[in-house]
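Right, one structure below, let's go through it.
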Protein chains: 2
Amino acid sequence: MTGNSPDFTVSLRAAGLRPTRQRVALARVLFEGGHRHVTAESLHAEVKATRMPVSLATVYNTLNQFREAGLLREVVVAPGRSYFDTNTGHHHHFFVETDGELHDFPSDEVTIAGLPTPPEGTKLSRVDVIVRVRR
Amino acid sequence: MTGNSPDFTVSLRAAGLRPTRQRVALARVLFEGGHRHVTAESLHAEVKATRMPVSLATVYNTLNQFREAGLLREVVVAPGRSYFDTNTGHHHHFFVETDGELHDFPSDEVTIAGLPTPPEGTKLSRVDVIVRVRR
DNA sequence: CAATAACTTAGAACGGTTCTAAGGTTCTTG
DNA sequence: CAAGAACCTTAGAACCGTTCTAAGTTATTG
Ligand SMILES: [Mn+2]
Ligand SMILES: [Mn+2]
Ligand SMILES: [Zn+2]
Ligand SMILES: [Zn+2]
């Protein structure tokens, strides 16, 4: 059993961020284990449960820094709050509207054909597919 | 040339809403002419330009009532603000991230194949495709 | 025309997010 | 390793889009 305790110090430094106690604690919650979809509030609650004191302001700062560094992507599916997604590869989402849950599905299962060409003078940035479902 | 001045009084009453001065003014801005994508603020600015006094609270109330009546759909593409769409049929969106513009494209041009089945115990509500572009 | 129900509104409140500014931590350099 | 510099964290205020409250107004009904 090797390699089950990634060195977040390294990846933080690679992102140009000092590996502070708070950022390492947040990185652990976010990146050890499988892909996650968190809100600032939910991440704050989780990291506090590890008994590492982190303010909500730091959670927001860190989420934004991780996003800017390409470690996270932001997902906007409902008014009023953002989700942050540790899966930065190509994929799409189920959004369970009745309880606010987000689930991934791989983009290679789905085929999107016949997308019109972007408006004059614009270049494609990303295609998001959101499959909204209810319980 | 007939029928170029729709009777919003009728459609408002059909939606269970009294055709007040404010709602008729808002309906005119929204529904005469082609499809629109507005924010509360942008609609408020437009309706005020017609010299009909309407408060921002009424704009919000009316947008929500029109949405509940099925006259509008809400589109969430960016954090912090909602768009309201007069096109309630099946279609998808270009979102020009650099300037906040939304444009429709028909959903029958695009083919989405191989969508995974929704999670256990959920039923499909809608599929949104957002093509994000930048200038 | 009342009488009533529905509506509009200013301003307060709210909730998620960002900002400010002061103290603390991490890094660099010698 | 000490000290300075750079960077980071934080409480609380501010911000901004949206909703709520409560008081006055308007539309509808008979
Ligand atoms: Mn930011
Ligand atoms: Mn509402
Ligand atoms: Zn995801
Ligand atoms: Zn549209």
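Residue numbering restarts at 1 for every chain of the structure tokens, chains are lettered A, B, ... in their displayed order, and ligands are numbered from 1 as they appear.
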
Test item: chain D residues at most 9 Å from chain A, counting only C-alpha atoms (C1' of nucleotides), as a PDB file with all heavy atoms, in the first residue's frame:
```pdb
ATOM      1  P    DC D   7       4.348  37.870  -2.458  1.00  0.00           P
ATOM      2  OP1  DC D   7       4.596  37.152  -3.726  1.00  0.00           O
ATOM      3  OP2  DC D   7       3.722  39.212  -2.429  1.00  0.00           O
ATOM      4  O5'  DC D   7       3.487  36.912  -1.515  1.00  0.00           O
ATOM      5  C5'  DC D   7       4.075  35.703  -1.036  1.00  0.00           C
ATOM      6  C4'  DC D   7       3.180  35.154   0.037  1.00  0.00           C
ATOM      7  O4'  DC D   7       3.244  35.990   1.207  1.00  0.00           O
ATOM      8  C3'  DC D   7       1.706  35.097  -0.367  1.00  0.00           C
ATOM      9  O3'  DC D   7       1.321  33.738  -0.277  1.00  0.00           O
ATOM     10  C2'  DC D   7       1.010  36.014   0.635  1.00  0.00           C
ATOM     11  C1'  DC D   7       1.970  35.981   1.822  1.00  0.00           C
ATOM     12  N1   DC D   7       1.933  37.137   2.766  1.00  0.00           N
ATOM     13  C2   DC D   7       1.749  36.899   4.137  1.00  0.00           C
ATOM     14  O2   DC D   7       1.587  35.742   4.532  1.00  0.00           O
ATOM     15  N3   DC D   7       1.738  37.952   4.992  1.00  0.00           N
ATOM     16  C4   DC D   7       1.918  39.190   4.534  1.00  0.00           C
ATOM     17  N4   DC D   7       1.917  40.186   5.426  1.00  0.00           N
ATOM     18  C5   DC D   7       2.120  39.459   3.145  1.00  0.00           C
ATOM     19  C6   DC D   7       2.120  38.415   2.307  1.00  0.00           C
ATOM     20  P    DC D   8      -0.154  33.235  -0.578  1.00  0.00           P
ATOM     21  OP1  DC D   8      -0.035  31.827  -1.006  1.00  0.00           O
ATOM     22  OP2  DC D   8      -0.843  34.246  -1.390  1.00  0.00           O
ATOM     23  O5'  DC D   8      -0.813  33.245   0.878  1.00  0.00           O
ATOM     24  C5'  DC D   8      -0.255  32.394   1.876  1.00  0.00           C
ATOM     25  C4'  DC D   8      -1.070  32.526   3.138  1.00  0.00           C
ATOM     26  O4'  DC D   8      -0.869  33.839   3.685  1.00  0.00           O
ATOM     27  C3'  DC D   8      -2.575  32.357   2.951  1.00  0.00           C
ATOM     28  O3'  DC D   8      -2.953  31.239   3.731  1.00  0.00           O
ATOM     29  C2'  DC D   8      -3.173  33.676   3.423  1.00  0.00           C
ATOM     30  C1'  DC D   8      -2.061  34.258   4.287  1.00  0.00           C
ATOM     31  N1   DC D   8      -1.975  35.746   4.355  1.00  0.00           N
ATOM     32  C2   DC D   8      -2.128  36.387   5.595  1.00  0.00           C
ATOM     33  O2   DC D   8      -2.365  35.709   6.596  1.00  0.00           O
ATOM     34  N3   DC D   8      -2.008  37.736   5.648  1.00  0.00           N
ATOM     35  C4   DC D   8      -1.750  38.442   4.539  1.00  0.00           C
ATOM     36  N4   DC D   8      -1.623  39.769   4.649  1.00  0.00           N
ATOM     37  C5   DC D   8      -1.593  37.806   3.265  1.00  0.00           C
ATOM     38  C6   DC D   8      -1.713  36.475   3.219  1.00  0.00           C
ATOM     39  P    DT D   9      -4.456  30.796   3.880  1.00  0.00           P
ATOM     40  OP1  DT D   9      -4.444  29.354   4.189  1.00  0.00           O
ATOM     41  OP2  DT D   9      -5.230  31.330   2.739  1.00  0.00           O
ATOM     42  O5'  DT D   9      -4.907  31.586   5.193  1.00  0.00           O
ATOM     43  C5'  DT D   9      -4.417  31.158   6.455  1.00  0.00           C
ATOM     44  C4'  DT D   9      -5.138  31.921   7.550  1.00  0.00           C
ATOM     45  O4'  DT D   9      -4.886  33.326   7.346  1.00  0.00           O
ATOM     46  C3'  DT D   9      -6.660  31.729   7.549  1.00  0.00           C
ATOM     47  O3'  DT D   9      -7.028  31.353   8.871  1.00  0.00           O
ATOM     48  C2'  DT D   9      -7.207  33.098   7.127  1.00  0.00           C
ATOM     49  C1'  DT D   9      -6.090  34.049   7.540  1.00  0.00           C
ATOM     50  N1   DT D   9      -5.904  35.306   6.753  1.00  0.00           N
ATOM     51  C2   DT D   9      -5.794  36.506   7.432  1.00  0.00           C
ATOM     52  O2   DT D   9      -5.865  36.607   8.632  1.00  0.00           O
ATOM     53  N3   DT D   9      -5.588  37.597   6.615  1.00  0.00           N
ATOM     54  C4   DT D   9      -5.474  37.614   5.247  1.00  0.00           C
ATOM     55  O4   DT D   9      -5.275  38.660   4.633  1.00  0.00           O
ATOM     56  C5   DT D   9      -5.599  36.326   4.604  1.00  0.00           C
ATOM     57  C7   DT D   9      -5.501  36.232   3.107  1.00  0.00           C
ATOM     58  C6   DT D   9      -5.804  35.249   5.370  1.00  0.00           C
ATOM     59  P    DT D  10      -8.530  30.931   9.203  1.00  0.00           P
ATOM     60  OP1  DT D  10      -8.523  30.005  10.351  1.00  0.00           O
ATOM     61  OP2  DT D  10      -9.199  30.564   7.946  1.00  0.00           O
ATOM     62  O5'  DT D  10      -9.109  32.329   9.704  1.00  0.00           O
ATOM     63  C5'  DT D  10      -8.479  32.969  10.815  1.00  0.00           C
ATOM     64  C4'  DT D  10      -9.145  34.313  11.055  1.00  0.00           C
ATOM     65  O4'  DT D  10      -8.686  35.257  10.087  1.00  0.00           O
ATOM     66  C3'  DT D  10     -10.673  34.261  10.943  1.00  0.00           C
ATOM     67  O3'  DT D  10     -11.212  34.528  12.218  1.00  0.00           O
ATOM     68  C2'  DT D  10     -11.026  35.334   9.921  1.00  0.00           C
ATOM     69  C1'  DT D  10      -9.753  36.136   9.781  1.00  0.00           C
ATOM     70  N1   DT D  10      -9.462  36.632   8.412  1.00  0.00           N
ATOM     71  C2   DT D  10      -9.074  37.940   8.231  1.00  0.00           C
ATOM     72  O2   DT D  10      -8.975  38.731   9.143  1.00  0.00           O
ATOM     73  N3   DT D  10      -8.812  38.295   6.941  1.00  0.00           N
ATOM     74  C4   DT D  10      -8.902  37.479   5.822  1.00  0.00           C
ATOM     75  O4   DT D  10      -8.627  37.911   4.704  1.00  0.00           O
ATOM     76  C5   DT D  10      -9.320  36.125   6.079  1.00  0.00           C
ATOM     77  C7   DT D  10      -9.445  35.150   4.941  1.00  0.00           C
ATOM     78  C6   DT D  10      -9.582  35.770   7.350  1.00  0.00           C
ATOM     79  P    DA D  11     -12.636  34.083  12.632  1.00  0.00           P
ATOM     80  OP1  DA D  11     -12.529  33.219  13.829  1.00  0.00           O
ATOM     81  OP2  DA D  11     -13.347  33.623  11.430  1.00  0.00           O
ATOM     82  O5'  DA D  11     -13.241  35.493  13.050  1.00  0.00           O
ATOM     83  C5'  DA D  11     -12.562  36.297  14.019  1.00  0.00           C
ATOM     84  C4'  DA D  11     -13.094  37.713  13.933  1.00  0.00           C
ATOM     85  O4'  DA D  11     -12.684  38.290  12.666  1.00  0.00           O
ATOM     86  C3'  DA D  11     -14.618  37.823  13.968  1.00  0.00           C
ATOM     87  O3'  DA D  11     -14.942  38.916  14.828  1.00  0.00           O
ATOM     88  C2'  DA D  11     -15.024  38.058  12.502  1.00  0.00           C
ATOM     89  C1'  DA D  11     -13.790  38.743  11.914  1.00  0.00           C
ATOM     90  N9   DA D  11     -13.503  38.379  10.520  1.00  0.00           N
ATOM     91  C8   DA D  11     -13.698  37.170   9.922  1.00  0.00           C
ATOM     92  N7   DA D  11     -13.312  37.140   8.663  1.00  0.00           N
ATOM     93  C5   DA D  11     -12.827  38.408   8.422  1.00  0.00           C
ATOM     94  C6   DA D  11     -12.268  39.011   7.276  1.00  0.00           C
ATOM     95  N6   DA D  11     -12.098  38.385   6.109  1.00  0.00           N
ATOM     96  N1   DA D  11     -11.877  40.297   7.361  1.00  0.00           N
ATOM     97  C2   DA D  11     -12.027  40.936   8.523  1.00  0.00           C
ATOM     98  N3   DA D  11     -12.538  40.478   9.670  1.00  0.00           N
ATOM     99  C4   DA D  11     -12.927  39.191   9.556  1.00  0.00           C
ATOM    100  P    DG D  17     -26.219  43.159  -8.737  1.00  0.00           P
ATOM    101  OP1  DG D  17     -25.402  43.073  -9.949  1.00  0.00           O
ATOM    102  OP2  DG D  17     -26.923  44.404  -8.359  1.00  0.00           O
ATOM    103  O5'  DG D  17     -27.309  41.984  -8.799  1.00  0.00           O
ATOM    104  C5'  DG D  17     -26.872  40.635  -8.884  1.00  0.00           C
ATOM    105  C4'  DG D  17     -27.883  39.747  -8.220  1.00  0.00           C
ATOM    106  O4'  DG D  17     -27.921  40.044  -6.814  1.00  0.00           O
ATOM    107  C3'  DG D  17     -29.318  39.909  -8.721  1.00  0.00           C
ATOM    108  O3'  DG D  17     -29.831  38.611  -8.982  1.00  0.00           O
ATOM    109  C2'  DG D  17     -30.036  40.625  -7.581  1.00  0.00           C
ATOM    110  C1'  DG D  17     -29.253  40.166  -6.367  1.00  0.00           C
ATOM    111  N9   DG D  17     -29.274  41.111  -5.256  1.00  0.00           N
ATOM    112  C8   DG D  17     -29.030  42.464  -5.301  1.00  0.00           C
ATOM    113  N7   DG D  17     -29.133  43.051  -4.131  1.00  0.00           N
ATOM    114  C5   DG D  17     -29.457  42.032  -3.267  1.00  0.00           C
ATOM    115  C6   DG D  17     -29.699  42.051  -1.860  1.00  0.00           C
ATOM    116  O6   DG D  17     -29.671  43.026  -1.091  1.00  0.00           O
ATOM    117  N1   DG D  17     -30.000  40.788  -1.363  1.00  0.00           N
ATOM    118  C2   DG D  17     -30.060  39.649  -2.120  1.00  0.00           C
ATOM    119  N2   DG D  17     -30.369  38.522  -1.470  1.00  0.00           N
ATOM    120  N3   DG D  17     -29.838  39.606  -3.430  1.00  0.00           N
ATOM    121  C4   DG D  17     -29.540  40.831  -3.936  1.00  0.00           C
ATOM    122  P    DT D  18     -31.306  38.379  -9.538  1.00  0.00           P
ATOM    123  OP1  DT D  18     -31.293  37.082 -10.230  1.00  0.00           O
ATOM    124  OP2  DT D  18     -31.777  39.597 -10.227  1.00  0.00           O
ATOM    125  O5'  DT D  18     -32.146  38.211  -8.182  1.00  0.00           O
ATOM    126  C5'  DT D  18     -31.883  37.088  -7.367  1.00  0.00           C
ATOM    127  C4'  DT D  18     -32.722  37.171  -6.108  1.00  0.00           C
ATOM    128  O4'  DT D  18     -32.361  38.344  -5.356  1.00  0.00           O
ATOM    129  C3'  DT D  18     -34.226  37.268  -6.350  1.00  0.00           C
ATOM    130  O3'  DT D  18     -34.809  36.069  -5.841  1.00  0.00           O
ATOM    131  C2'  DT D  18     -34.649  38.518  -5.598  1.00  0.00           C
ATOM    132  C1'  DT D  18     -33.499  38.751  -4.633  1.00  0.00           C
ATOM    133  N1   DT D  18     -33.262  40.145  -4.194  1.00  0.00           N
ATOM    134  C2   DT D  18     -33.358  40.442  -2.854  1.00  0.00           C
ATOM    135  O2   DT D  18     -33.633  39.624  -2.006  1.00  0.00           O
ATOM    136  N3   DT D  18     -33.121  41.756  -2.526  1.00  0.00           N
ATOM    137  C4   DT D  18     -32.801  42.782  -3.391  1.00  0.00           C
ATOM    138  O4   DT D  18     -32.607  43.927  -2.970  1.00  0.00           O
ATOM    139  C5   DT D  18     -32.708  42.405  -4.792  1.00  0.00           C
ATOM    140  C7   DT D  18     -32.363  43.451  -5.819  1.00  0.00           C
ATOM    141  C6   DT D  18     -32.941  41.123  -5.125  1.00  0.00           C
TER     142       DT D  18
END
```

### Query
Using only C-alpha atoms (C1' of nucleotides) and all ligand atoms, what are the residues with an atom within 10 Å of ligand 2, set out as JSON, numbers by chain?
{"B": [60, 61, 62, 63, 64, 65, 67, 68], "D": [18, 19]}

Using only C-alpha atoms, find each residue of chain A with at least one atom at most 6 Å away from an atom of chain B; report its shortest atom-to-atom pair and that distance in Å (one decimal), sort the rows by chain and rising residue number, and return the result as a tab-separated table.
```
residue	atom	partner	partner_atom	distance
A:Gly80	CA	B:Gly80	CA	5.7
A:Glu109	CA	B:Gly114	CA	5.7
A:Val110	CA	B:Gly114	CA	4.5
A:Thr111	CA	B:Ala113	CA	5.0
A:Ile112	CA	B:Ile112	CA	4.7
A:Ala113	CA	B:Thr111	CA	5.0
A:Gly114	CA	B:Val110	CA	4.5
A:Leu115	CA	B:Val110	CA	5.3
A:Gly121	CA	B:Arg135	CA	6.0
A:Thr122	CA	B:Arg135	CA	4.4
A:Lys123	CA	B:Val133	CA	5.3
A:Leu124	CA	B:Val133	CA	4.4
A:Ser125	CA	B:Val133	CA	4.8
A:Arg126	CA	B:Arg132	CA	5.1
A:Val127	CA	B:Val131	CA	4.5
A:Asp128	CA	B:Ile130	CA	5.1
A:Val129	CA	B:Val129	CA	4.6
A:Ile130	CA	B:Asp128	CA	5.1
A:Val131	CA	B:Val127	CA	4.5
A:Arg132	CA	B:Arg126	CA	5.1
A:Val133	CA	B:Leu124	CA	4.3
A:Arg134	CA	B:Thr122	CA	5.2
A:Arg135	CA	B:Thr122	CA	4.4
```

Would you put the residues from that selection into a file with N, CA, C and O atoms, as a PDB file, in the first residue's frame?
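Below you can see out31.pdb, which holds the result:
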```
ATOM      1  N   GLY A  80     -28.322  31.452  -7.031  1.00  0.00           N
ATOM      2  CA  GLY A  80     -27.970  31.799  -5.659  1.00  0.00           C
ATOM      3  C   GLY A  80     -26.774  31.124  -5.045  1.00  0.00           C
ATOM      4  O   GLY A  80     -26.277  31.583  -4.029  1.00  0.00           O
ATOM      5  N   GLU A 109     -19.821   8.999 -23.056  1.00  0.00           N
ATOM      6  CA  GLU A 109     -21.020   8.175 -23.251  1.00  0.00           C
ATOM      7  C   GLU A 109     -22.032   8.892 -24.126  1.00  0.00           C
ATOM      8  O   GLU A 109     -22.889   8.296 -24.751  1.00  0.00           O
ATOM      9  N   VAL A 110     -21.938  10.217 -24.109  1.00  0.00           N
ATOM     10  CA  VAL A 110     -22.948  11.020 -24.784  1.00  0.00           C
ATOM     11  C   VAL A 110     -22.365  11.625 -26.059  1.00  0.00           C
ATOM     12  O   VAL A 110     -21.199  12.008 -26.100  1.00  0.00           O
ATOM     13  N   THR A 111     -23.173  11.650 -27.082  1.00  0.00           N
ATOM     14  CA  THR A 111     -22.756  12.216 -28.356  1.00  0.00           C
ATOM     15  C   THR A 111     -23.594  13.449 -28.645  1.00  0.00           C
ATOM     16  O   THR A 111     -24.813  13.380 -28.662  1.00  0.00           O
ATOM     17  N   ILE A 112     -22.949  14.556 -28.841  1.00  0.00           N
ATOM     18  CA  ILE A 112     -23.670  15.764 -29.219  1.00  0.00           C
ATOM     19  C   ILE A 112     -23.282  16.105 -30.640  1.00  0.00           C
ATOM     20  O   ILE A 112     -22.132  16.423 -30.916  1.00  0.00           O
ATOM     21  N   ALA A 113     -24.258  15.995 -31.537  1.00  0.00           N
ATOM     22  CA  ALA A 113     -23.987  16.258 -32.947  1.00  0.00           C
ATOM     23  C   ALA A 113     -24.819  17.433 -33.411  1.00  0.00           C
ATOM     24  O   ALA A 113     -25.914  17.666 -32.917  1.00  0.00           O
ATOM     25  N   GLY A 114     -24.288  18.181 -34.353  1.00  0.00           N
ATOM     26  CA  GLY A 114     -25.061  19.239 -34.984  1.00  0.00           C
ATOM     27  C   GLY A 114     -25.133  20.527 -34.206  1.00  0.00           C
ATOM     28  O   GLY A 114     -26.055  21.317 -34.390  1.00  0.00           O
ATOM     29  N   LEU A 115     -24.178  20.766 -33.310  1.00  0.00           N
ATOM     30  CA  LEU A 115     -24.136  22.061 -32.638  1.00  0.00           C
ATOM     31  C   LEU A 115     -23.909  23.158 -33.677  1.00  0.00           C
ATOM     32  O   LEU A 115     -23.006  23.040 -34.501  1.00  0.00           O
ATOM     33  N   GLY A 121     -17.241  36.091 -34.302  1.00  0.00           N
ATOM     34  CA  GLY A 121     -16.281  36.741 -33.422  1.00  0.00           C
ATOM     35  C   GLY A 121     -16.141  36.098 -32.053  1.00  0.00           C
ATOM     36  O   GLY A 121     -15.527  36.660 -31.161  1.00  0.00           O
ATOM     37  N   THR A 122     -16.717  34.914 -31.872  1.00  0.00           N
ATOM     38  CA  THR A 122     -16.564  34.224 -30.585  1.00  0.00           C
ATOM     39  C   THR A 122     -15.913  32.873 -30.822  1.00  0.00           C
ATOM     40  O   THR A 122     -16.046  32.288 -31.887  1.00  0.00           O
ATOM     41  N   LYS A 123     -15.214  32.390 -29.803  1.00  0.00           N
ATOM     42  CA  LYS A 123     -14.663  31.045 -29.895  1.00  0.00           C
ATOM     43  C   LYS A 123     -15.174  30.185 -28.750  1.00  0.00           C
ATOM     44  O   LYS A 123     -15.428  30.681 -27.639  1.00  0.00           O
ATOM     45  N   LEU A 124     -15.314  28.925 -29.040  1.00  0.00           N
ATOM     46  CA  LEU A 124     -15.904  28.012 -28.086  1.00  0.00           C
ATOM     47  C   LEU A 124     -15.060  27.883 -26.827  1.00  0.00           C
ATOM     48  O   LEU A 124     -13.840  27.772 -26.887  1.00  0.00           O
ATOM     49  N   SER A 125     -15.720  27.884 -25.708  1.00  0.00           N
ATOM     50  CA  SER A 125     -15.025  27.761 -24.444  1.00  0.00           C
ATOM     51  C   SER A 125     -15.341  26.419 -23.777  1.00  0.00           C
ATOM     52  O   SER A 125     -14.455  25.724 -23.305  1.00  0.00           O
ATOM     53  N   ARG A 126     -16.598  26.033 -23.790  1.00  0.00           N
ATOM     54  CA  ARG A 126     -16.984  24.770 -23.160  1.00  0.00           C
ATOM     55  C   ARG A 126     -18.438  24.470 -23.499  1.00  0.00           C
ATOM     56  O   ARG A 126     -19.216  25.384 -23.715  1.00  0.00           O
ATOM     57  N   VAL A 127     -18.783  23.209 -23.540  1.00  0.00           N
ATOM     58  CA  VAL A 127     -20.182  22.816 -23.700  1.00  0.00           C
ATOM     59  C   VAL A 127     -20.627  22.102 -22.437  1.00  0.00           C
ATOM     60  O   VAL A 127     -20.034  21.108 -22.029  1.00  0.00           O
ATOM     61  N   ASP A 128     -21.631  22.641 -21.797  1.00  0.00           N
ATOM     62  CA  ASP A 128     -22.180  22.024 -20.579  1.00  0.00           C
ATOM     63  C   ASP A 128     -23.515  21.374 -20.881  1.00  0.00           C
ATOM     64  O   ASP A 128     -24.393  22.012 -21.460  1.00  0.00           O
ATOM     65  N   VAL A 129     -23.662  20.134 -20.468  1.00  0.00           N
ATOM     66  CA  VAL A 129     -24.959  19.473 -20.542  1.00  0.00           C
ATOM     67  C   VAL A 129     -25.424  19.231 -19.117  1.00  0.00           C
ATOM     68  O   VAL A 129     -24.715  18.611 -18.319  1.00  0.00           O
ATOM     69  N   ILE A 130     -26.579  19.745 -18.791  1.00  0.00           N
ATOM     70  CA  ILE A 130     -27.151  19.544 -17.457  1.00  0.00           C
ATOM     71  C   ILE A 130     -28.467  18.796 -17.606  1.00  0.00           C
ATOM     72  O   ILE A 130     -29.419  19.304 -18.194  1.00  0.00           O
ATOM     73  N   VAL A 131     -28.480  17.582 -17.079  1.00  0.00           N
ATOM     74  CA  VAL A 131     -29.697  16.782 -17.112  1.00  0.00           C
ATOM     75  C   VAL A 131     -30.399  16.981 -15.783  1.00  0.00           C
ATOM     76  O   VAL A 131     -29.934  16.507 -14.742  1.00  0.00           O
ATOM     77  N   ARG A 132     -31.490  17.712 -15.832  1.00  0.00           N
ATOM     78  CA  ARG A 132     -32.224  18.022 -14.603  1.00  0.00           C
ATOM     79  C   ARG A 132     -33.242  16.935 -14.327  1.00  0.00           C
ATOM     80  O   ARG A 132     -34.020  16.575 -15.206  1.00  0.00           O
ATOM     81  N   VAL A 133     -33.215  16.414 -13.117  1.00  0.00           N
ATOM     82  CA  VAL A 133     -34.163  15.363 -12.735  1.00  0.00           C
ATOM     83  C   VAL A 133     -34.792  15.734 -11.392  1.00  0.00           C
ATOM     84  O   VAL A 133     -34.285  16.599 -10.679  1.00  0.00           O
ATOM     85  N   ARG A 134     -35.914  15.089 -11.067  1.00  0.00           N
ATOM     86  CA  ARG A 134     -36.581  15.338  -9.786  1.00  0.00           C
ATOM     87  C   ARG A 134     -36.952  14.004  -9.129  1.00  0.00           C
ATOM     88  O   ARG A 134     -37.212  13.027  -9.818  1.00  0.00           O
ATOM     89  N   ARG A 135     -36.988  14.012  -7.828  1.00  0.00           N
ATOM     90  CA  ARG A 135     -37.363  12.802  -7.077  1.00  0.00           C
ATOM     91  C   ARG A 135     -38.876  12.669  -6.961  1.00  0.00           C
ATOM     92  O   ARG A 135     -39.564  13.599  -6.695  1.00  0.00           O
TER      93      ARG A 135
END
```

### Query
Counting only C-alpha atoms (C1' of nucleotides), which residues of chain C come no farther than 12 Å from chain B, as number ranges by chain?
C: 5-11, 15-17

Writer output for current selection, N, CA and C atoms (P, O5', C5', C4', C3', O3' and C1' of nucleotides), as a PDB file, in the first residue's frame:
```
ATOM      1  P    DA C   5     -62.545  39.381   0.503  1.00  0.00           P
ATOM      2  O5'  DA C   5     -61.639  39.112  -0.776  1.00  0.00           O
ATOM      3  C5'  DA C   5     -62.279  38.991  -2.056  1.00  0.00           C
ATOM      4  C4'  DA C   5     -61.236  39.227  -3.119  1.00  0.00           C
ATOM      5  C3'  DA C   5     -59.873  38.612  -2.777  1.00  0.00           C
ATOM      6  O3'  DA C   5     -59.413  37.907  -3.913  1.00  0.00           O
ATOM      7  C1'  DA C   5     -59.639  40.946  -3.187  1.00  0.00           C
ATOM      8  P    DA C   6     -57.941  37.308  -3.996  1.00  0.00           P
ATOM      9  O5'  DA C   6     -57.155  38.398  -4.861  1.00  0.00           O
ATOM     10  C5'  DA C   6     -57.689  38.803  -6.103  1.00  0.00           C
ATOM     11  C4'  DA C   6     -56.799  39.874  -6.674  1.00  0.00           C
ATOM     12  C3'  DA C   6     -55.325  39.497  -6.708  1.00  0.00           C
ATOM     13  O3'  DA C   6     -54.868  39.772  -8.022  1.00  0.00           O
ATOM     14  C1'  DA C   6     -55.607  41.586  -5.623  1.00  0.00           C
ATOM     15  P    DC C   7     -53.374  39.621  -8.429  1.00  0.00           P
ATOM     16  O5'  DC C   7     -52.744  41.064  -8.174  1.00  0.00           O
ATOM     17  C5'  DC C   7     -53.268  42.171  -8.889  1.00  0.00           C
ATOM     18  C4'  DC C   7     -52.537  43.420  -8.477  1.00  0.00           C
ATOM     19  C3'  DC C   7     -51.021  43.341  -8.578  1.00  0.00           C
ATOM     20  O3'  DC C   7     -50.630  44.214  -9.626  1.00  0.00           O
ATOM     21  C1'  DC C   7     -51.733  44.421  -6.585  1.00  0.00           C
ATOM     22  P    DT C   8     -49.098  44.536  -9.931  1.00  0.00           P
ATOM     23  O5'  DT C   8     -48.760  45.752  -8.951  1.00  0.00           O
ATOM     24  C5'  DT C   8     -49.255  47.041  -9.253  1.00  0.00           C
ATOM     25  C4'  DT C   8     -48.597  48.037  -8.318  1.00  0.00           C
ATOM     26  C3'  DT C   8     -47.069  48.106  -8.413  1.00  0.00           C
ATOM     27  O3'  DT C   8     -46.719  49.474  -8.611  1.00  0.00           O
ATOM     28  C1'  DT C   8     -47.760  47.784  -6.157  1.00  0.00           C
ATOM     29  P    DT C   9     -45.237  49.888  -8.900  1.00  0.00           P
ATOM     30  O5'  DT C   9     -44.732  50.227  -7.436  1.00  0.00           O
ATOM     31  C5'  DT C   9     -45.425  51.227  -6.694  1.00  0.00           C
ATOM     32  C4'  DT C   9     -44.836  51.310  -5.299  1.00  0.00           C
ATOM     33  C3'  DT C   9     -43.309  51.240  -5.274  1.00  0.00           C
ATOM     34  O3'  DT C   9     -42.816  52.486  -4.805  1.00  0.00           O
ATOM     35  C1'  DT C   9     -44.283  49.813  -3.616  1.00  0.00           C
ATOM     36  P    DA C  10     -41.392  52.991  -5.143  1.00  0.00           P
ATOM     37  O5'  DA C  10     -40.867  53.266  -3.653  1.00  0.00           O
ATOM     38  C5'  DA C  10     -41.641  54.057  -2.770  1.00  0.00           C
ATOM     39  C4'  DA C  10     -41.171  53.817  -1.350  1.00  0.00           C
ATOM     40  C3'  DA C  10     -39.655  53.890  -1.169  1.00  0.00           C
ATOM     41  O3'  DA C  10     -39.410  54.618   0.034  1.00  0.00           O
ATOM     42  C1'  DA C  10     -40.435  51.711  -0.544  1.00  0.00           C
ATOM     43  P    DG C  11     -37.993  54.990   0.455  1.00  0.00           P
ATOM     44  O5'  DG C  11     -37.650  53.789   1.450  1.00  0.00           O
ATOM     45  C5'  DG C  11     -38.568  53.500   2.494  1.00  0.00           C
ATOM     46  C4'  DG C  11     -38.208  52.175   3.109  1.00  0.00           C
ATOM     47  C3'  DG C  11     -36.703  51.978   3.345  1.00  0.00           C
ATOM     48  O3'  DG C  11     -36.534  51.570   4.688  1.00  0.00           O
ATOM     49  C1'  DG C  11     -37.589  50.121   2.230  1.00  0.00           C
ATOM     50  P    DG C  15     -31.735  34.066   5.367  1.00  0.00           P
ATOM     51  O5'  DG C  15     -30.786  33.717   4.132  1.00  0.00           O
ATOM     52  C5'  DG C  15     -31.315  33.629   2.809  1.00  0.00           C
ATOM     53  C4'  DG C  15     -30.158  33.422   1.858  1.00  0.00           C
ATOM     54  C3'  DG C  15     -28.982  32.671   2.468  1.00  0.00           C
ATOM     55  O3'  DG C  15     -28.411  31.873   1.446  1.00  0.00           O
ATOM     56  C1'  DG C  15     -28.283  34.822   1.836  1.00  0.00           C
ATOM     57  P    DG C  16     -27.243  30.858   1.771  1.00  0.00           P
ATOM     58  O5'  DG C  16     -26.177  31.189   0.637  1.00  0.00           O
ATOM     59  C5'  DG C  16     -26.588  31.312  -0.716  1.00  0.00           C
ATOM     60  C4'  DG C  16     -25.577  32.161  -1.451  1.00  0.00           C
ATOM     61  C3'  DG C  16     -24.131  31.692  -1.278  1.00  0.00           C
ATOM     62  O3'  DG C  16     -23.545  31.643  -2.565  1.00  0.00           O
ATOM     63  C1'  DG C  16     -24.329  33.981  -0.705  1.00  0.00           C
ATOM     64  P    DT C  17     -22.034  31.226  -2.791  1.00  0.00           P
ATOM     65  O5'  DT C  17     -21.255  32.617  -2.764  1.00  0.00           O
ATOM     66  C5'  DT C  17     -21.523  33.561  -3.791  1.00  0.00           C
ATOM     67  C4'  DT C  17     -20.732  34.824  -3.533  1.00  0.00           C
ATOM     68  C3'  DT C  17     -19.226  34.617  -3.394  1.00  0.00           C
ATOM     69  O3'  DT C  17     -18.630  35.276  -4.501  1.00  0.00           O
ATOM     70  C1'  DT C  17     -20.075  36.112  -1.747  1.00  0.00           C
TER      71       DT C  17
END
```
